[in-house]
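Asks: Sending over work.pdb (PDB, C-alpha atoms).
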ATOM      1  CA  MET A   1     -92.585  56.123 -22.481
ATOM      2  CA  THR A   2     -89.778  58.617 -21.995
ATOM      3  CA  PRO A   3     -86.264  57.564 -20.875
ATOM      4  CA  VAL A   4     -87.079  59.019 -17.452
ATOM      5  CA  GLU A   5     -90.229  56.892 -17.209
ATOM      6  CA  LEU A   6     -88.383  53.799 -18.424
ATOM      7  CA  SER A   7     -85.711  54.437 -15.808
ATOM      8  CA  ARG A   8     -88.451  54.364 -13.175
ATOM      9  CA  SER A   9     -89.743  51.085 -14.622
ATOM     10  CA  VAL A  10     -86.257  49.563 -14.359
ATOM     11  CA  LEU A  11     -85.999  50.740 -10.753
ATOM     12  CA  HIS A  12     -89.415  49.217 -10.035
ATOM     13  CA  ALA A  13     -88.218  45.896 -11.470
ATOM     14  CA  VAL A  14     -85.128  46.013  -9.219
ATOM     15  CA  ARG A  15     -87.280  46.861  -6.209
ATOM     16  CA  CYS A  16     -89.607  43.917  -6.914
ATOM     17  CA  ALA A  17     -86.638  41.547  -7.228
ATOM     18  CA  VAL A  18     -85.315  42.777  -3.866
ATOM     19  CA  ASP A  19     -88.736  42.521  -2.192
ATOM     20  CA  ASP A  20     -89.102  38.935  -3.458
ATOM     21  CA  GLY A  21     -85.696  37.994  -2.050
ATOM     22  CA  GLU A  22     -84.179  37.355  -5.484
ATOM     23  CA  LEU A  23     -81.577  40.097  -4.998
ATOM     24  CA  ASN A  24     -79.910  41.228  -1.798
ATOM     25  CA  VAL A  25     -78.865  44.785  -2.676
ATOM     26  CA  VAL A  26     -79.710  48.369  -1.834
ATOM     27  CA  VAL A  27     -82.033  49.677  -4.532
ATOM     28  CA  PRO A  28     -80.138  52.478  -6.319
ATOM     29  CA  SER A  29     -81.607  55.969  -6.367
ATOM     30  CA  ARG A  30     -81.418  56.088 -10.165
ATOM     31  CA  VAL A  31     -80.441  53.998 -13.164
ATOM     32  CA  VAL A  32     -79.365  55.155 -16.588
ATOM     33  CA  VAL A  33     -81.071  54.033 -19.778
ATOM     34  CA  GLY A  34     -79.876  55.004 -23.231
ATOM     35  CA  ARG A  35     -79.736  53.953 -26.827
ATOM     36  CA  PRO A  36     -78.242  50.455 -27.336
ATOM     37  CA  GLY A  37     -74.563  50.468 -28.233
ATOM     38  CA  PRO A  38     -72.865  48.345 -30.921
ATOM     39  CA  GLY A  39     -74.293  44.836 -30.801
ATOM     40  CA  GLY A  40     -77.309  45.975 -28.819
ATOM     41  CA  ARG A  41     -80.950  45.481 -29.701
ATOM     42  CA  GLY A  42     -84.317  47.018 -28.978
ATOM     43  CA  ASP A  43     -85.141  50.642 -28.197
ATOM     44  CA  TYR A  44     -83.160  51.214 -25.003
ATOM     45  CA  ALA A  45     -80.460  49.519 -22.953
ATOM     46  CA  THR A  46     -79.273  49.671 -19.351
ATOM     47  CA  ASN A  47     -76.224  48.377 -17.478
ATOM     48  CA  VAL A  48     -78.062  48.076 -14.161
ATOM     49  CA  ALA A  49     -77.235  44.352 -13.908
ATOM     50  CA  LEU A  50     -73.514  45.113 -14.140
ATOM     51  CA  GLN A  51     -73.976  47.884 -11.599
ATOM     52  CA  LEU A  52     -75.630  45.532  -9.078
ATOM     53  CA  ALA A  53     -73.601  42.371  -9.685
ATOM     54  CA  ARG A  54     -70.793  43.051  -7.191
ATOM     55  CA  PRO A  55     -73.002  44.177  -4.253
ATOM     56  CA  ALA A  56     -75.335  41.244  -4.985
ATOM     57  CA  GLY A  57     -72.414  38.795  -5.004
ATOM     58  CA  GLN A  58     -73.647  37.256  -8.263
ATOM     59  CA  PRO A  59     -72.379  37.223 -11.856
ATOM     60  CA  PRO A  60     -73.774  40.050 -14.024
ATOM     61  CA  LEU A  61     -75.475  37.590 -16.396
ATOM     62  CA  ARG A  62     -77.282  35.983 -13.462
ATOM     63  CA  VAL A  63     -78.483  39.370 -12.211
ATOM     64  CA  ALA A  64     -79.546  40.317 -15.737
ATOM     65  CA  ALA A  65     -81.558  37.101 -16.078
ATOM     66  CA  LEU A  66     -83.333  37.795 -12.785
ATOM     67  CA  LEU A  67     -84.176  41.369 -13.726
ATOM     68  CA  ARG A  68     -85.303  40.429 -17.231
ATOM     69  CA  ALA A  69     -88.237  38.462 -15.835
ATOM     70  CA  TYR A  70     -89.403  41.397 -13.705
ATOM     71  CA  LEU A  71     -88.793  44.049 -16.350
ATOM     72  CA  ALA A  72     -90.760  42.110 -18.960
ATOM     73  CA  ARG A  73     -93.871  42.586 -16.783
ATOM     74  CA  GLU A  74     -93.670  46.385 -16.857
ATOM     75  CA  ALA A  75     -96.352  48.217 -18.838
ATOM     76  CA  GLY A  76     -95.242  49.173 -22.336
ATOM     77  CA  VAL A  77     -92.334  46.709 -22.415
ATOM     78  CA  THR A  78     -92.683  44.138 -25.191
ATOM     79  CA  GLY A  79     -89.342  42.371 -24.858
ATOM     80  CA  VAL A  80     -86.080  42.265 -22.907
ATOM     81  CA  GLU A  81     -82.873  40.686 -24.246
ATOM     82  CA  ILE A  82     -79.485  40.234 -22.618
ATOM     83  CA  THR A  83     -76.394  41.105 -24.620
ATOM     84  CA  GLY A  84     -72.678  41.256 -23.886
ATOM     85  CA  PRO A  85     -71.600  40.853 -20.269
ATOM     86  CA  GLY A  86     -75.091  41.641 -18.940
ATOM     87  CA  PHE A  87     -76.706  44.593 -20.684
ATOM     88  CA  LEU A  88     -80.503  44.576 -20.653
ATOM     89  CA  ASN A  89     -81.893  45.589 -24.063
ATOM     90  CA  ILE A  90     -85.494  46.743 -23.856
ATOM     91  CA  SER A  91     -88.088  46.834 -26.640
ATOM     92  CA  LEU A  92     -91.182  48.976 -26.233
ATOM     93  CA  ASP A  93     -94.674  48.914 -27.707
ATOM     94  CA  ARG A  94     -93.959  51.726 -30.127
ATOM     95  CA  ALA A  95     -97.504  52.468 -31.259
ATOM     96  CA  ALA A  96     -98.901  52.603 -27.728
ATOM     97  CA  THR A  97     -95.817  54.382 -26.379
ATOM     98  CA  SER A  98     -95.832  56.965 -29.160
ATOM     99  CA  ALA A  99     -99.522  57.714 -28.741
ATOM    100  CA  ALA A 100     -99.163  58.000 -24.967
ATOM    101  CA  LEU A 101     -96.215  60.369 -25.375
ATOM    102  CA  VAL A 102     -98.098  62.634 -27.794
ATOM    103  CA  ARG A 103    -101.185  62.656 -25.557
ATOM    104  CA  ARG A 104     -99.041  63.546 -22.564
ATOM    105  CA  ILE A 105     -97.372  66.469 -24.343
ATOM    106  CA  LEU A 106    -100.685  67.833 -25.593
ATOM    107  CA  ARG A 107    -102.145  67.473 -22.097
ATOM    108  CA  GLU A 108     -99.207  69.055 -20.221
ATOM    109  CA  GLY A 109     -98.503  71.733 -22.807
ATOM    110  CA  LEU A 110     -95.549  74.023 -22.140
ATOM    111  CA  ARG A 111     -94.945  72.257 -18.807
ATOM    112  CA  TYR A 112     -94.019  68.977 -20.478
ATOM    113  CA  GLY A 113     -90.733  67.844 -18.948
ATOM    114  CA  HIS A 114     -91.276  69.846 -15.758
ATOM    115  CA  THR A 115     -90.928  67.828 -12.555
ATOM    116  CA  ASP A 116     -90.500  68.272  -8.819
ATOM    117  CA  ALA A 117     -87.231  66.292  -8.797
ATOM    118  CA  VAL A 118     -85.352  68.943  -6.791
ATOM    119  CA  ALA A 119     -88.326  70.574  -5.069
ATOM    120  CA  GLY A 120     -87.263  72.563  -2.024
ATOM    121  CA  ARG A 121     -83.600  72.740  -3.019
ATOM    122  CA  VAL A 122     -81.857  76.093  -3.419
ATOM    123  CA  PHE A 123     -78.784  76.463  -5.609
ATOM    124  CA  VAL A 124     -76.505  79.500  -5.345
ATOM    125  CA  LEU A 125     -74.718  80.801  -8.438
ATOM    126  CA  CYS A 126     -72.128  83.510  -8.005
ATOM    127  CA  VAL A 127     -71.462  85.200 -11.348
ATOM    128  CA  PRO A 128     -69.345  88.103 -12.574
ATOM    129  CA  TYR A 129     -70.889  91.339 -13.860
ATOM    130  CA  GLU A 130     -70.786  90.231 -17.499
ATOM    131  CA  VAL A 131     -73.675  89.889 -19.936
ATOM    132  CA  ARG A 132     -73.095  86.277 -20.945
ATOM    133  CA  ALA A 133     -72.719  85.081 -17.365
ATOM    134  CA  GLU A 134     -75.906  86.936 -16.397
ATOM    135  CA  VAL A 135     -77.923  85.426 -19.271
ATOM    136  CA  LEU A 136     -76.566  81.924 -18.661
ATOM    137  CA  ALA A 137     -77.412  82.159 -14.963
ATOM    138  CA  ASP A 138     -80.933  83.363 -15.801
ATOM    139  CA  VAL A 139     -81.588  80.358 -18.060
ATOM    140  CA  LEU A 140     -80.110  77.929 -15.545
ATOM    141  CA  ALA A 141     -82.526  79.400 -12.986
ATOM    142  CA  ARG A 142     -85.420  78.824 -15.385
ATOM    143  CA  MET A 143     -84.358  75.233 -16.087
ATOM    144  CA  VAL A 144     -83.804  74.388 -12.421
ATOM    145  CA  GLY A 145     -87.193  75.966 -11.724
ATOM    146  CA  SER A 146     -88.715  73.549 -14.233
ATOM    147  CA  GLN A 147     -87.452  70.742 -11.985
ATOM    148  CA  GLY A 148     -88.919  72.274  -8.841
ATOM    149  CA  GLY A 149     -85.777  73.928  -7.493
ATOM    150  CA  ARG A 150     -84.689  77.537  -7.085
ATOM    151  CA  VAL A 151     -81.512  79.361  -8.062
ATOM    152  CA  GLU A 152     -80.226  82.407  -6.205
ATOM    153  CA  ILE A 153     -77.918  84.555  -8.356
ATOM    154  CA  GLU A 154     -75.247  86.501  -6.510
ATOM    155  CA  HIS A 155     -72.195  88.597  -7.365
ATOM    156  CA  GLY A 156     -68.988  88.295  -5.403
ATOM    157  CA  GLU A 157     -65.337  87.401  -5.431
ATOM    158  CA  THR A 158     -65.819  83.615  -5.384
ATOM    159  CA  VAL A 159     -67.346  83.016  -8.819
ATOM    160  CA  SER A 160     -69.016  79.649  -9.472
ATOM    161  CA  LEU A 161     -70.096  80.347 -13.060
ATOM    162  CA  ARG A 162     -67.683  81.983 -15.468
ATOM    163  CA  PRO A 163     -68.374  81.308 -19.167
ATOM    164  CA  VAL A 164     -66.072  82.758 -21.823
ATOM    165  CA  PRO A 165     -67.222  86.399 -22.061
ATOM    166  CA  ALA A 166     -68.913  87.844 -25.121
ATOM    167  CA  PRO A 167     -66.357  89.666 -27.301
ATOM    168  CA  GLU A 168     -68.722  92.634 -27.665
ATOM    169  CA  ASP A 169     -72.135  93.881 -26.578
ATOM    170  CA  PRO A 170     -74.822  91.766 -28.336
ATOM    171  CA  ALA A 171     -77.615  94.296 -27.717
ATOM    172  CA  PHE A 172     -77.740  95.334 -31.391
ATOM    173  CA  LEU A 173     -79.062  91.839 -32.237
ATOM    174  CA  GLY A 174     -82.245  92.391 -30.248
ATOM    175  CA  PRO A 175     -83.224  90.384 -27.142
ATOM    176  CA  ASP A 176     -84.000  87.019 -28.798
ATOM    177  CA  ALA A 177     -81.035  86.746 -31.164
ATOM    178  CA  ALA A 178     -78.698  88.156 -28.514
ATOM    179  CA  ARG A 179     -79.723  85.482 -26.015
ATOM    180  CA  TRP A 180     -79.318  82.765 -28.637
ATOM    181  CA  ALA A 181     -75.839  84.029 -29.579
ATOM    182  CA  LEU A 182     -74.777  83.855 -25.921
ATOM    183  CA  LEU A 183     -76.437  80.525 -25.075
ATOM    184  CA  HIS A 184     -75.881  78.293 -28.116
ATOM    185  CA  PRO A 185     -72.098  77.848 -27.726
ATOM    186  CA  ALA A 186     -70.868  75.756 -24.811
ATOM    187  CA  PRO A 187     -69.790  77.917 -21.842
ATOM    188  CA  HIS A 188     -66.100  77.289 -22.616
ATOM    189  CA  ASP A 189     -66.513  78.437 -26.256
ATOM    190  CA  ARG A 190     -66.366  82.064 -27.350
ATOM    191  CA  PRO A 191     -69.763  83.280 -28.640
ATOM    192  CA  ARG A 192     -70.075  84.791 -32.111
ATOM    193  CA  ILE A 193     -71.730  88.215 -32.004
ATOM    194  CA  THR A 194     -72.552  88.815 -35.678
ATOM    195  CA  ALA A 195     -75.550  89.826 -37.767
ATOM    196  CA  ASP A 196     -75.764  86.216 -39.037
ATOM    197  CA  HIS A 197     -78.064  85.579 -36.082
ATOM    198  CA  LEU A 198     -80.647  87.872 -37.710
ATOM    199  CA  VAL A 199     -80.686  86.218 -41.142
ATOM    200  CA  GLN A 200     -84.033  84.604 -42.018
ATOM    201  CA  ARG A 201     -82.754  81.459 -43.708
ATOM    202  CA  GLU A 202     -81.876  77.847 -42.932
ATOM    203  CA  SER A 203     -78.252  78.641 -42.144
ATOM    204  CA  ASN A 204     -79.465  80.422 -39.003
ATOM    205  CA  PRO A 205     -80.201  77.812 -36.275
ATOM    206  CA  LEU A 206     -82.519  80.094 -34.309
ATOM    207  CA  PHE A 207     -84.537  80.848 -37.437
ATOM    208  CA  ARG A 208     -84.929  77.087 -38.142
ATOM    209  CA  ILE A 209     -86.310  76.471 -34.665
ATOM    210  CA  ARG A 210     -88.743  79.372 -34.772
ATOM    211  CA  TYR A 211     -89.736  78.549 -38.343
ATOM    212  CA  ALA A 212     -90.439  74.901 -37.417
ATOM    213  CA  HIS A 213     -92.612  76.085 -34.527
ATOM    214  CA  ALA A 214     -94.496  78.515 -36.761
ATOM    215  CA  ARG A 215     -95.028  75.800 -39.378
ATOM    216  CA  THR A 216     -96.614  73.478 -36.777
ATOM    217  CA  ARG A 217     -99.059  76.256 -35.942
ATOM    218  CA  ALA A 218     -99.723  76.823 -39.649
ATOM    219  CA  VAL A 219    -100.584  73.162 -40.324
ATOM    220  CA  SER A 220    -102.988  73.255 -37.359
ATOM    221  CA  ARG A 221    -104.746  76.233 -38.928
ATOM    222  CA  ASN A 222    -104.747  74.521 -42.333
ATOM    223  CA  ALA A 223    -106.156  71.320 -40.837
ATOM    224  CA  ALA A 224    -108.947  73.280 -39.159
ATOM    225  CA  ASP A 225    -109.789  74.795 -42.542
ATOM    226  CA  LEU A 226    -110.065  71.232 -43.879
ATOM    227  CA  GLY A 227    -112.365  70.248 -41.022
ATOM    228  CA  PHE A 228    -110.189  68.198 -38.692
ATOM    229  CA  THR A 229    -108.303  68.920 -35.481
ATOM    230  CA  THR A 230    -106.674  67.022 -32.622
ATOM    231  CA  THR A 231    -109.236  68.241 -30.091
ATOM    232  CA  GLY A 232    -112.659  66.883 -29.313
ATOM    233  CA  PRO A 233    -114.074  63.416 -28.632
ATOM    234  CA  GLU A 234    -113.817  62.333 -32.285
ATOM    235  CA  THR A 235    -110.033  62.424 -32.243
ATOM    236  CA  ASP A 236    -108.047  59.397 -31.137
ATOM    237  CA  VAL A 237    -104.317  59.939 -31.284
ATOM    238  CA  ALA A 238    -103.816  56.189 -31.001
ATOM    239  CA  ALA A 239    -106.032  55.444 -34.003
ATOM    240  CA  ALA A 240    -102.999  55.300 -36.271
ATOM    241  CA  ASP A 241     -99.269  54.824 -35.916
ATOM    242  CA  THR A 242     -97.679  58.227 -35.277
ATOM    243  CA  SER A 243     -94.309  56.964 -36.513
ATOM    244  CA  ASP A 244     -95.366  56.280 -40.122
ATOM    245  CA  THR A 245     -93.805  59.363 -41.750
ATOM    246  CA  PRO A 246     -90.213  60.287 -42.668
ATOM    247  CA  GLY A 247     -88.448  61.647 -39.612
ATOM    248  CA  ALA A 248     -91.255  60.690 -37.224
ATOM    249  CA  ARG A 249     -89.286  58.083 -35.299
ATOM    250  CA  GLN A 250     -86.435  60.496 -34.732
ATOM    251  CA  LEU A 251     -88.957  63.161 -33.795
ATOM    252  CA  LEU A 252     -90.616  60.881 -31.243
ATOM    253  CA  ALA A 253     -87.227  59.950 -29.767
ATOM    254  CA  LEU A 254     -86.311  63.620 -29.377
ATOM    255  CA  LEU A 255     -89.660  64.436 -27.782
ATOM    256  CA  ALA A 256     -89.210  61.562 -25.352
ATOM    257  CA  ASP A 257     -85.718  62.809 -24.495
ATOM    258  CA  HIS A 258     -86.856  66.354 -23.686
ATOM    259  CA  PRO A 259     -87.449  65.751 -19.936
ATOM    260  CA  ARG A 260     -83.917  64.345 -19.582
ATOM    261  CA  VAL A 261     -82.419  67.407 -21.286
ATOM    262  CA  LEU A 262     -84.228  69.723 -18.870
ATOM    263  CA  ALA A 263     -83.207  67.605 -15.895
ATOM    264  CA  THR A 264     -79.479  68.029 -16.629
ATOM    265  CA  ALA A 265     -79.614  71.527 -15.110
ATOM    266  CA  ALA A 266     -80.662  70.072 -11.756
ATOM    267  CA  ALA A 267     -77.120  68.776 -11.146
ATOM    268  CA  LEU A 268     -75.858  72.253 -10.208
ATOM    269  CA  PRO A 269     -73.271  73.288  -9.157
ATOM    270  CA  HIS A 270     -71.542  70.550 -11.201
ATOM    271  CA  ALA A 271     -69.766  72.010 -14.239
ATOM    272  CA  ASP A 272     -71.654  69.711 -16.614
ATOM    273  CA  ALA A 273     -74.949  71.203 -15.450
ATOM    274  CA  GLN A 274     -73.720  74.656 -16.440
ATOM    275  CA  ALA A 275     -73.782  73.487 -20.065
ATOM    276  CA  ALA A 276     -77.505  72.642 -19.804
ATOM    277  CA  PRO A 277     -78.651  75.782 -21.698
ATOM    278  CA  SER A 278     -76.283  75.034 -24.588
ATOM    279  CA  ARG A 279     -77.462  71.423 -24.550
ATOM    280  CA  LEU A 280     -81.070  72.603 -24.721
ATOM    281  CA  THR A 281     -80.349  74.787 -27.779
ATOM    282  CA  ARG A 282     -78.833  71.807 -29.629
ATOM    283  CA  HIS A 283     -81.750  69.604 -28.619
ATOM    284  CA  LEU A 284     -84.274  72.142 -29.926
ATOM    285  CA  LEU A 285     -82.351  72.446 -33.193
ATOM    286  CA  ALA A 286     -82.430  68.668 -33.738
ATOM    287  CA  LEU A 287     -86.118  68.651 -32.831
ATOM    288  CA  ALA A 288     -86.835  71.458 -35.312
ATOM    289  CA  ASP A 289     -85.034  69.654 -38.132
ATOM    290  CA  ALA A 290     -86.962  66.417 -37.487
ATOM    291  CA  THR A 291     -90.216  68.396 -37.325
ATOM    292  CA  LEU A 292     -89.597  70.008 -40.712
ATOM    293  CA  VAL A 293     -89.062  66.558 -42.250
ATOM    294  CA  HIS A 294     -92.338  65.304 -40.743
ATOM    295  CA  LEU A 295     -94.600  68.239 -41.648
ATOM    296  CA  PRO A 296     -95.096  67.653 -45.419
ATOM    297  CA  ALA A 297     -97.005  64.408 -44.670
ATOM    298  CA  VAL A 298     -99.412  65.911 -42.123
ATOM    299  CA  LEU A 299    -102.152  67.287 -44.382
ATOM    300  CA  PRO A 300    -104.183  65.365 -46.999
ATOM    301  CA  ARG A 301    -103.182  65.933 -50.608
ATOM    302  CA  GLY A 302    -105.401  66.559 -53.608
ATOM    303  CA  ASP A 303    -108.790  64.863 -53.243
ATOM    304  CA  GLU A 304    -107.608  62.776 -50.274
ATOM    305  CA  LYS A 305    -109.959  62.967 -47.299
ATOM    306  CA  PRO A 306    -108.660  63.463 -43.755
ATOM    307  CA  LEU A 307    -108.059  60.057 -42.180
ATOM    308  CA  ALA A 308    -107.124  58.863 -38.705
ATOM    309  CA  ALA A 309    -103.497  58.815 -39.873
ATOM    310  CA  HIS A 310    -103.645  62.524 -40.663
ATOM    311  CA  ARG A 311    -105.033  63.297 -37.215
ATOM    312  CA  SER A 312    -102.241  61.304 -35.601
ATOM    313  CA  ARG A 313     -99.614  63.065 -37.711
ATOM    314  CA  LEU A 314    -101.177  66.419 -36.859
ATOM    315  CA  ALA A 315    -101.097  65.537 -33.156
ATOM    316  CA  LEU A 316     -97.396  64.686 -33.441
ATOM    317  CA  ALA A 317     -96.728  67.986 -35.225
ATOM    318  CA  GLU A 318     -98.615  69.937 -32.558
ATOM    319  CA  ALA A 319     -96.713  68.101 -29.824
ATOM    320  CA  ALA A 320     -93.435  69.047 -31.498
ATOM    321  CA  GLY A 321     -94.518  72.682 -31.740
ATOM    322  CA  THR A 322     -95.458  72.677 -28.072
ATOM    323  CA  VAL A 323     -92.047  71.359 -27.005
ATOM    324  CA  LEU A 324     -90.249  73.840 -29.262
ATOM    325  CA  ALA A 325     -92.236  76.695 -27.717
ATOM    326  CA  GLY A 326     -91.622  75.419 -24.187
ATOM    327  CA  GLY A 327     -87.901  75.057 -24.810
ATOM    328  CA  LEU A 328     -87.582  78.538 -26.294
ATOM    329  CA  SER A 329     -89.534  79.921 -23.330
ATOM    330  CA  LEU A 330     -86.970  78.463 -20.929
ATOM    331  CA  LEU A 331     -84.255  80.151 -22.974
ATOM    332  CA  GLY A 332     -86.144  83.430 -22.642
ATOM    333  CA  ILE A 333     -86.776  83.541 -26.387
ATOM    334  CA  ASP A 334     -90.109  84.253 -28.071
ATOM    335  CA  ALA A 335     -91.802  81.593 -30.243
ATOM    336  CA  PRO A 336     -94.056  83.462 -32.708
ATOM    337  CA  ASP A 337     -96.956  81.636 -34.361
ATOM    338  CA  HIS A 338     -96.352  83.498 -37.622
ATOM    339  CA  LEU A 339     -93.041  84.087 -39.404
TER     340      LEU A 339
END
Turn the structure described in the file into structure tokens.
Replies:
Amino acid sequence: MTPVELSRSVLHAVRCAVDDGELNVVVPSRVVVGRPGPGGRGDYATNVALQLARPAGQPPLRVAALLRAYLAREAGVTGVEITGPGFLNISLDRAATSAALVRRILREGLRYGHTDAVAGRVFVLCVPYEVRAEVLADVLARMVGSQGGRVEIEHGETVSLRPVPAPEDPAFLGPDAARWALLHPAPHDRPRITADHLVQRESNPLFRIRYAHARTRAVSRNAADLGFTTTGPETDVAAADTSDTPGARQLLALLADHPRVLATAAALPHADAQAAPSRLTRHLLALADATLVHLPAVLPRGDEKPLAAHRSRLALAEAAGTVLAGGLSLLGIDAPDHL
């Protein structure tokens, strides 16, 4: 269950409480779920009870207690606790949730995280004639398109998108490294146009992402050589816990968070949405690092035979590679299978 899906589950719980006459409020259009703060428990937390307490005319703890009963019935939720002034702390069935997430990514492929949240909406970006602004606008258009919307890019006097310009022409870096150099810094930061972006080592963030993607493709080829894959009726992703390797839990959390990262671009023309491409680069970098930690445990070692656990780990690795490739595609950057 991704944060977006859990948010829908929380909204469904609120809607049920309203329909049953337990709460007299207008059901909000969205609720925010995130990692529990200090003193929190479980996998996710939400302040929806505090948000609804005043319009409901009830104390936050009372609202939280009402919602806890409804939320505990939602599929995939194994427990709900109340902490502080009325935060709902939600625990999920990790094994089932992890397997469902991996299956979903493998099923949706490069379109994982794409929605129709802003279908039919048109956003207008007016940008200066400057290479960084043009590239940033192009990626924002791609990200908004992943959420069902459309961006029209114009040039005029009233500029709505003006990142700090590139200090020099990045063309000598080649198309992929040049785009990365322009997109990775936040729009208000000056980009670094240096040959460091071409270095094939761990100090280069773009190389780490592309290398992690290529390694996921390599372990798939290696697994096939050993006689097992994640395709076909004999493979059950849920046959083993996909979070049993170093880095896997962080990897699963980052995969689950991918739809939210893409959705941040749909808040255009808000200034925070303009940082969505930079946010996506940082997300992919964290995902790549967690993937590289997970990969050494994917394949059997020595005389060890492929087990259900190896298939589940392979499925998680392939899901990570798919999301890395999809994210790079939205940035307009190639994701080679071999490096």
Asks: Neighbours of Ala177 (chain A) within 12 Å (all atoms listed in the file; same-chain residues fewer than 5 positions away dropped), as a PyMOL selection string?
Replies: chain A and resi 170-172+182-184+192-200+204-207+210+328+331-335
Asks: Could you list the residues chosen by the PyMOL selection byres ((chain A and resi 114) around 9) in this structure as a CSV table (one decimal) with C-alpha atoms, in the frame of the given file?
Replies:
chain,number,residue,atom,x,y,z
A,110,LEU,CA,-95.5,74.0,-22.1
A,111,ARG,CA,-94.9,72.3,-18.8
A,112,TYR,CA,-94.0,69.0,-20.5
A,113,GLY,CA,-90.7,67.8,-18.9
A,115,THR,CA,-90.9,67.8,-12.6
A,116,ASP,CA,-90.5,68.3,-8.8
A,117,ALA,CA,-87.2,66.3,-8.8
A,143,MET,CA,-84.4,75.2,-16.1
A,145,GLY,CA,-87.2,76.0,-11.7
A,146,SER,CA,-88.7,73.5,-14.2
A,147,GLN,CA,-87.5,70.7,-12.0
A,148,GLY,CA,-88.9,72.3,-8.8
A,259,PRO,CA,-87.4,65.8,-19.9
A,262,LEU,CA,-84.2,69.7,-18.9
A,263,ALA,CA,-83.2,67.6,-15.9
Asks: Do you have the CA of Ala275 (chain A)-CA of Val124 (chain A) distance handy?
Replies: 16.1 Å
Asks: If I take CA of Val10 (chain A) and CA of Leu66 (chain A), how far is one from the other in Å, to one decimal?
Replies: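 CA of Leu66 (chain A) lies 12.2 Å from CA of Val10 (chain A).
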Asks: Please evaluate the PyMOL selection byres ((chain A and resi 102) around 12) against the displayed coordinates and give the resulting residues as a ChimeraX atom specification.
Replies: /A:1-2,94-101,103-109,112,230,236-238,241-243,248,251-256,311-323
Asks: Could you check how far CA of Thr46 (chain A) sits from CA of Val33 (chain A), in Å to one decimal?
Replies: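 Straight-line distance from CA of Thr46 (chain A) to CA of Val33 (chain A) works out to 4.7 Å.
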Asks: Pick out the closest residue to Asp169 (chain A) from this set: A:Arg132, A:Ser7, A:Leu226, A:His188. Count only C-alpha atoms.
Replies: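 Result for the nearest residue to Asp169 (chain A): A:Arg132.
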Asks: Starting from the displayed file, determine the output of the PyMOL selection byres ((chain A and resi 41) around 8) and express the residue list as a list in words.
Replies: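 On the file shown, the PyMOL selection byres ((chain A and resi 41) around 8) covers Pro36, Gly39, Gly40, Gly42, Asp43, Tyr44, Ala45, Glu81, Asn89, Ile90 and Ser91 of chain A.
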Asks: Using all atoms listed in the file - which residues lie no farther than 12 Å from the point (-71.7, 70.2, -7.2) in the file's frame? Write them as a PDB file with C-alpha atoms, keeping the file's coordinate frame.
Replies:
ATOM      1  CA  PHE A 123     -78.784  76.463  -5.609  1.00  0.00           C
ATOM      2  CA  VAL A 124     -76.505  79.500  -5.345  1.00  0.00           C
ATOM      3  CA  LEU A 125     -74.718  80.801  -8.438  1.00  0.00           C
ATOM      4  CA  SER A 160     -69.016  79.649  -9.472  1.00  0.00           C
ATOM      5  CA  LEU A 161     -70.096  80.347 -13.060  1.00  0.00           C
ATOM      6  CA  ALA A 265     -79.614  71.527 -15.110  1.00  0.00           C
ATOM      7  CA  ALA A 266     -80.662  70.072 -11.756  1.00  0.00           C
ATOM      8  CA  ALA A 267     -77.120  68.776 -11.146  1.00  0.00           C
ATOM      9  CA  LEU A 268     -75.858  72.253 -10.208  1.00  0.00           C
ATOM     10  CA  PRO A 269     -73.271  73.288  -9.157  1.00  0.00           C
ATOM     11  CA  HIS A 270     -71.542  70.550 -11.201  1.00  0.00           C
ATOM     12  CA  ALA A 271     -69.766  72.010 -14.239  1.00  0.00           C
ATOM     13  CA  ASP A 272     -71.654  69.711 -16.614  1.00  0.00           C
ATOM     14  CA  ALA A 273     -74.949  71.203 -15.450  1.00  0.00           C
ATOM     15  CA  GLN A 274     -73.720  74.656 -16.440  1.00  0.00           C
TER      16      GLN A 274
END
Asks: Which residue is closest to Tyr70 (chain A)? Choose from A:Gln58, A:Glu154, A:Cys16, A:Leu284 and count only C-alpha atoms.
Replies: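 Closest residue, counting only C-alpha atoms: A:Cys16.
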Asks: So which residues touch His310 (chain A) within 9 Å, counting all atoms listed in the file, skipping near sequence neighbours fewer than 3 positions away, as number ranges by chain?
Replies: A: 228, 240, 297-300, 306-307, 313-315
Asks: Tell me which of A:Gly84, A:Pro336, A:Pro185, A:Pro3 sits closest to Thr216 (chain A), counting all atoms listed in the file.
Replies: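 Residue with the minimum atom-to-atom distance to Thr216 (chain A): A:Pro336.
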Asks: Give me the residues within 12 Å of Val18 (chain A) as a PyMOL selection string, counting all atoms listed in the file and dropping any in the same chain fewer than 2 places off.
Replies: chain A and resi 11-16+20-28+52+56+63+66-67+70
Asks: Taking all atoms listed in the file into account, which of A:Gly247, A:Gly302, A:Pro165, A:Gly327 comes nearest Ala290 (chain A)?
Replies: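 Looking only at the distances to Ala290 (chain A), the closest residue turns out to be A:Gly247.
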